[in-house]
file data32.txt (compact mmCIF, C-alpha atoms)
# COMPACT_ATOMS: atom_id res chain seq x y z
CA MET A 1 12.84 -2.06 23.90
CA ASP A 2 12.28 -3.90 20.63
CA SER A 3 14.05 -2.71 17.48
CA GLU A 4 10.79 -1.71 15.75
CA ALA A 5 10.32 1.16 18.21
CA LEU A 6 13.60 2.67 17.03
CA GLU A 7 12.76 2.39 13.32
CA PRO A 8 12.29 5.72 11.58
CA SER A 9 8.67 6.56 10.99
CA LEU A 10 6.71 8.92 8.80
CA TYR A 11 4.75 9.84 11.92
CA THR A 12 7.23 12.43 13.13
CA VAL A 13 5.05 14.85 15.06
CA LYS A 14 3.17 13.68 18.15
CA ALA A 15 1.55 17.05 18.95
CA VAL A 16 1.54 20.76 18.20
CA PHE A 17 0.24 23.39 20.56
CA ILE A 18 0.24 27.14 21.02
CA LEU A 19 -0.12 28.61 24.50
CA ASP A 20 -0.48 32.19 25.70
CA ASN A 21 1.98 33.77 28.13
CA ASP A 22 -0.05 32.38 31.08
CA GLY A 23 0.23 28.83 29.75
CA ASN A 24 -3.39 28.67 28.55
CA ARG A 25 -4.14 26.65 25.43
CA LEU A 26 -5.02 28.59 22.28
CA LEU A 27 -4.57 25.71 19.84
CA SER A 28 -3.54 22.10 20.23
CA LYS A 29 -3.47 19.07 17.98
CA TYR A 30 -2.44 15.64 19.21
CA TYR A 31 -1.61 13.19 16.44
CA ASP A 32 -0.74 10.12 18.52
CA PRO A 33 -3.97 8.69 20.01
CA GLU A 34 -1.98 6.92 22.73
CA LEU A 35 -0.28 10.14 23.86
CA TYR A 36 -2.59 11.81 26.39
CA PRO A 37 -5.91 10.63 24.91
CA PHE A 38 -7.96 12.78 27.30
CA MET A 39 -8.24 16.56 27.41
CA LYS A 40 -7.28 16.69 31.11
CA GLU A 41 -4.06 14.74 30.45
CA GLN A 42 -3.24 16.99 27.48
CA LYS A 43 -3.74 20.16 29.51
CA ASN A 44 -1.62 18.77 32.38
CA PHE A 45 1.14 17.91 29.89
CA GLU A 46 0.92 21.39 28.32
CA LYS A 47 1.07 23.07 31.76
CA ASN A 48 4.10 20.95 32.69
CA VAL A 49 5.84 21.80 29.40
CA PHE A 50 5.00 25.49 29.78
CA ASN A 51 6.26 25.61 33.39
CA LYS A 52 9.58 24.05 32.36
CA THR A 53 10.10 26.11 29.19
CA HIS A 54 8.57 29.60 29.46
CA ASN A 55 11.58 31.08 31.30
CA ALA A 56 14.25 28.94 29.61
CA ASP A 57 16.57 30.24 26.90
CA ASN A 58 16.74 26.87 25.14
CA GLU A 59 14.82 25.80 22.07
CA ILE A 60 14.68 22.09 22.91
CA ALA A 61 13.39 20.28 25.99
CA PHE A 62 13.08 16.63 26.94
CA ILE A 63 9.98 16.23 29.09
CA GLU A 64 7.91 13.13 29.96
CA GLY A 65 9.81 11.05 27.41
CA MET A 66 9.14 13.51 24.59
CA THR A 67 11.41 15.76 22.53
CA ILE A 68 9.90 19.23 22.45
CA VAL A 69 11.07 22.16 20.35
CA TYR A 70 9.64 25.57 21.14
CA LYS A 71 9.73 29.24 20.38
CA SER A 72 8.06 32.32 21.84
CA SER A 73 6.80 35.53 20.28
CA ILE A 74 5.41 38.50 22.25
CA ASP A 75 2.66 36.73 24.26
CA LEU A 76 2.65 33.32 22.53
CA PHE A 77 4.56 30.06 22.94
CA PHE A 78 4.74 27.57 20.04
CA TYR A 79 5.52 23.89 20.68
CA VAL A 80 6.16 20.90 18.42
CA VAL A 81 6.37 17.51 20.16
CA GLY A 82 8.03 14.32 18.91
CA SER A 83 9.27 11.08 20.41
CA THR A 84 12.67 10.88 22.11
CA GLN A 85 14.09 9.16 19.00
CA GLU A 86 12.89 11.98 16.76
CA ASN A 87 15.35 14.18 14.94
CA GLU A 88 15.30 17.59 16.66
CA LEU A 89 16.19 19.30 13.37
CA MET A 90 13.06 17.89 11.70
CA LEU A 91 10.92 19.08 14.58
CA MET A 92 12.63 22.49 14.49
CA THR A 93 11.98 22.71 10.74
CA VAL A 94 8.26 22.13 11.40
CA LEU A 95 8.28 24.74 14.18
CA ASN A 96 10.04 27.32 12.00
CA CYS A 97 7.65 26.65 9.11
CA LEU A 98 4.66 27.06 11.44
CA PHE A 99 6.02 30.30 12.87
CA GLU A 100 7.03 31.75 9.48
CA SER A 101 3.69 30.81 7.90
CA LEU A 102 1.74 32.44 10.72
CA SER A 103 4.03 35.46 10.62
CA GLN A 104 3.27 35.92 6.90
CA MET A 105 -0.42 35.22 7.33
CA LEU A 106 -0.74 37.65 10.26
CA ARG A 107 1.47 40.24 8.54
CA LYS A 108 4.25 39.87 11.12
CA ASN A 109 1.79 40.62 13.95
CA VAL A 110 2.25 37.27 15.73
CA GLU A 111 0.50 37.96 19.02
CA LYS A 112 -2.47 36.54 20.90
CA ARG A 113 -5.21 38.95 19.77
CA THR A 114 -4.37 38.64 16.05
CA LEU A 115 -3.98 34.88 16.34
CA LEU A 116 -7.40 34.53 18.00
CA ASP A 117 -8.99 36.77 15.35
CA ASN A 118 -7.65 34.47 12.61
CA MET A 119 -8.02 30.97 14.12
CA ASP A 120 -9.52 29.47 10.94
CA GLY A 121 -6.36 30.38 9.06
CA VAL A 122 -4.16 29.17 11.92
CA PHE A 123 -5.80 25.72 11.82
CA GLN A 124 -5.45 25.65 8.03
CA VAL A 125 -1.74 26.44 8.32
CA VAL A 126 -1.20 23.66 10.89
CA ASP A 127 -3.16 21.18 8.73
CA GLU A 128 -1.15 22.15 5.65
CA ILE A 129 2.16 21.49 7.47
CA ILE A 130 1.17 18.30 9.36
CA ASP A 131 -1.43 15.68 8.58
CA GLY A 132 -1.98 12.99 11.17
CA GLY A 133 1.56 13.42 12.48
CA VAL A 134 3.15 13.24 9.02
CA ILE A 135 5.06 16.31 7.86
CA LEU A 136 3.59 17.44 4.53
CA GLU A 137 5.26 20.80 3.98
CA CYS A 138 8.18 22.72 5.48
CA ASP A 139 8.27 25.74 3.17
CA ALA A 140 6.29 28.64 4.66
CA GLN A 141 5.77 30.26 1.23
CA GLN A 142 4.21 27.04 -0.10
CA VAL A 143 1.99 26.76 2.98
CA ILE A 144 0.72 30.33 2.57
CA GLU A 145 0.06 29.80 -1.15
CA LYS A 146 -1.85 26.57 -0.46
CA VAL A 147 -3.86 28.09 2.36
CA ASN A 148 -4.34 31.34 0.42
CA TYR A 149 -5.62 32.95 3.61
CA LYS A 150 -6.51 36.61 3.63
CA VAL A 151 -6.49 38.59 6.86
CA ASP A 152 -9.69 40.65 6.65
CA ASP A 153 -9.54 42.71 9.82
CA ASN A 154 -6.21 44.42 9.23
CA PRO A 155 -6.41 48.19 8.84
CA LEU A 156 -6.16 49.45 5.29
CA SER A 157 -3.02 51.32 4.34
CA GLU A 158 -3.30 54.84 2.91
CA GLN A 159 -2.53 53.52 -0.56
CA SER A 160 -5.20 50.80 -0.39
CA VAL A 161 -7.74 53.35 0.95
CA ALA A 162 -6.94 55.71 -1.93
CA GLN A 163 -7.19 52.83 -4.41
CA HIS A 164 -10.51 51.72 -2.88
CA ILE A 165 -11.93 55.27 -3.09
CA SER A 166 -10.79 55.78 -6.68
CA GLU A 167 -12.34 52.42 -7.69
CA LYS A 168 -15.65 53.41 -6.06
CA LEU A 169 -15.48 56.85 -7.68
CA ALA A 170 -14.85 55.29 -11.12
CA LEU A 171 -17.78 52.91 -10.58
CA THR A 172 -20.05 55.79 -9.52
CA THR A 173 -18.95 57.85 -12.55
CA ASN A 174 -19.75 54.88 -14.83
CA VAL A 175 -23.20 54.50 -13.24
CA PHE A 176 -23.95 58.23 -13.75
CA GLN A 177 -22.66 58.10 -17.32
CA SER A 178 -24.84 55.08 -18.04
CA ALA A 179 -27.91 56.76 -16.48
CA LYS A 180 -27.24 59.94 -18.47
CA GLU A 181 -27.10 57.90 -21.71
CA GLN A 182 -30.35 56.10 -20.87
CA ILE A 183 -32.16 59.40 -20.12
CA LYS A 184 -30.82 60.97 -23.34
CA TRP A 185 -32.06 58.01 -25.41
CA SER A 186 -35.44 57.93 -23.68
CA ILE A 187 -35.95 61.66 -24.42
CA LEU A 188 -34.89 61.24 -28.08
CA LYS A 189 -37.40 58.39 -28.70

call {"tool": "encode", "arguments": {"input": "data32.txt", "output": "structure tokens"}}
result
Amino acid sequence: MDSEALEPSLYTVKAVFILDNDGNRLLSKYYDPELYPFMKEQKNFEKNVFNKTHNADNEIAFIEGMTIVYKSSIDLFFYVVGSTQENELMLMTVLNCLFESLSQMLRKNVEKRTLLDNMDGVFQVVDEIIDGGVILECDAQQVIEKVNYKVDDNPLSEQSVAQHISEKLALTTNVFQSAKEQIKWSILK
């Protein structure tokens, strides 16, 4: 192997993917065009990784010449892939940032249904953390602020319902007051 292959690179992340608890792809981004350039190869790689990791208690795996860090939550599996020379701590930092960002965005409801309902935001989070394999951000709070993603479909809390009703009531009262004033002035003319 020539010495250039061992040089540190800005291109830290080779791929990121999220699978469900059956190993089916929900999201995947491959940053290295030479690593599994075809969908079929990617899915075979993901299946292989899933089969070797979904029952393991570890957080790091070395599969097909790649360093893979992973984490699971309810019915989801999160994977960050780097080369064998890659620093596992850097990859783990990316994984933790991804998980924390999604946890904040999805209001701690990190499961398949919520993830699928908010895929636009999920892609934005991934793109904010990694661009073309280069790590841009590792602070979940910064990622969430940059993405500024709002989860629309979450049920309203009692307080937000009460606030919403009182705002509508105040608006309605203002409309009636304004109408009353207009009628009064039209009668006085």

call {"tool": "residues_around", "arguments": {"input": "data32.txt", "residues": "Gln142 of chain A", "least_positions_apart": "4", "cutoff": "10 Å", "atoms": "only C-alpha atoms", "output": "list in words"}}
result
Cys97, Ser101, Glu128, Ile129, Glu137, Cys138, Lys146, Val147 and Asn148 of chain A

call {"tool": "residues_around", "arguments": {"input": "data32.txt", "residues": "Ser103 of chain A", "least_positions_apart": "3", "cutoff": "12 Å", "atoms": "all atoms listed in the file", "output": "list of chain:residue names"}}
result
A:Ser73, A:Asn96, A:Cys97, A:Leu98, A:Phe99, A:Glu100, A:Leu106, A:Arg107, A:Lys108, A:Asn109, A:Val110, A:Glu111, A:Thr114, A:Leu115, A:Asn118, A:Gly121, A:Val122, A:Val125, A:Ala140, A:Gln141, A:Val143, A:Ile144, A:Val151

call {"tool": "closest_residue", "arguments": {"input": "data32.txt", "among": "A:Phe38, A:Phe50, A:Trp185, A:Tyr30", "to": "Gly82 of chain A", "atoms": "only C-alpha atoms"}}
result
A:Tyr30

call {"tool": "atom_distance", "arguments": {"input": "data32.txt", "atom1": "atom CA of Lys40 of chain A", "atom2": "atom CA of Arg113 of chain A"}}
result
25.1 Å

call {"tool": "atom_distance", "arguments": {"input": "data32.txt", "atom1": "atom CA of Glu86 of chain A", "atom2": "atom CA of Phe62 of chain A"}}
result
11.2 Å

call {"tool": "closest_residue", "arguments": {"input": "data32.txt", "among": "A:Asn87, A:Asn55, A:Gln182, A:Thr173", "to": "Val69 of chain A", "atoms": "only C-alpha atoms"}}
result
A:Asn87

call {"tool": "residues_around", "arguments": {"input": "data32.txt", "residues": "Tyr11 of chain A", "least_positions_apart": "6", "cutoff": "8 Å", "atoms": "all atoms listed in the file", "output": "PyMOL selection string"}}
result
chain A and resi 132-135

call {"tool": "residues_near_point", "arguments": {"input": "data32.txt", "point": "(3.1, 20.1, 17.3)", "cutoff": "9 Å", "atoms": "only C-alpha atoms", "output": "PDB file with C-alpha atoms, in the coordinates of the input"}}
result
ATOM      1  CA  VAL A  13       5.050  14.850  15.060  1.00  0.00           C
ATOM      2  CA  LYS A  14       3.170  13.680  18.150  1.00  0.00           C
ATOM      3  CA  ALA A  15       1.550  17.050  18.950  1.00  0.00           C
ATOM      4  CA  VAL A  16       1.540  20.760  18.200  1.00  0.00           C
ATOM      5  CA  PHE A  17       0.240  23.390  20.560  1.00  0.00           C
ATOM      6  CA  ILE A  18       0.240  27.140  21.020  1.00  0.00           C
ATOM      7  CA  SER A  28      -3.540  22.100  20.230  1.00  0.00           C
ATOM      8  CA  LYS A  29      -3.470  19.070  17.980  1.00  0.00           C
ATOM      9  CA  TYR A  30      -2.440  15.640  19.210  1.00  0.00           C
ATOM     10  CA  TYR A  31      -1.610  13.190  16.440  1.00  0.00           C
ATOM     11  CA  ILE A  68       9.900  19.230  22.450  1.00  0.00           C
ATOM     12  CA  VAL A  69      11.070  22.160  20.350  1.00  0.00           C
ATOM     13  CA  PHE A  78       4.740  27.570  20.040  1.00  0.00           C
ATOM     14  CA  TYR A  79       5.520  23.890  20.680  1.00  0.00           C
ATOM     15  CA  VAL A  80       6.160  20.900  18.420  1.00  0.00           C
ATOM     16  CA  VAL A  81       6.370  17.510  20.160  1.00  0.00           C
ATOM     17  CA  GLY A  82       8.030  14.320  18.910  1.00  0.00           C
ATOM     18  CA  LEU A  91      10.920  19.080  14.580  1.00  0.00           C
ATOM     19  CA  VAL A  94       8.260  22.130  11.400  1.00  0.00           C
ATOM     20  CA  LEU A  95       8.280  24.740  14.180  1.00  0.00           C
ATOM     21  CA  VAL A 126      -1.200  23.660  10.890  1.00  0.00           C
ATOM     22  CA  ILE A 130       1.170  18.300   9.360  1.00  0.00           C
ATOM     23  CA  GLY A 133       1.560  13.420  12.480  1.00  0.00           C
TER      24      GLY A 133
END

call {"tool": "atom_distance", "arguments": {"input": "data32.txt", "atom1": "atom CA of Met119 of chain A", "atom2": "atom CA of Met90 of chain A"}}
result
24.9 Å

call {"tool": "closest_residue", "arguments": {"input": "data32.txt", "among": "A:Asp32, A:Glu64, A:Glu88, A:Asp20", "to": "Asn44 of chain A", "atoms": "only C-alpha atoms"}}
result
A:Glu64

call {"tool": "closest_residue", "arguments": {"input": "data32.txt", "among": "A:Lys180, A:Asp127, A:Leu89, A:Leu26", "to": "Ile60 of chain A", "atoms": "only C-alpha atoms"}}
result
A:Leu89
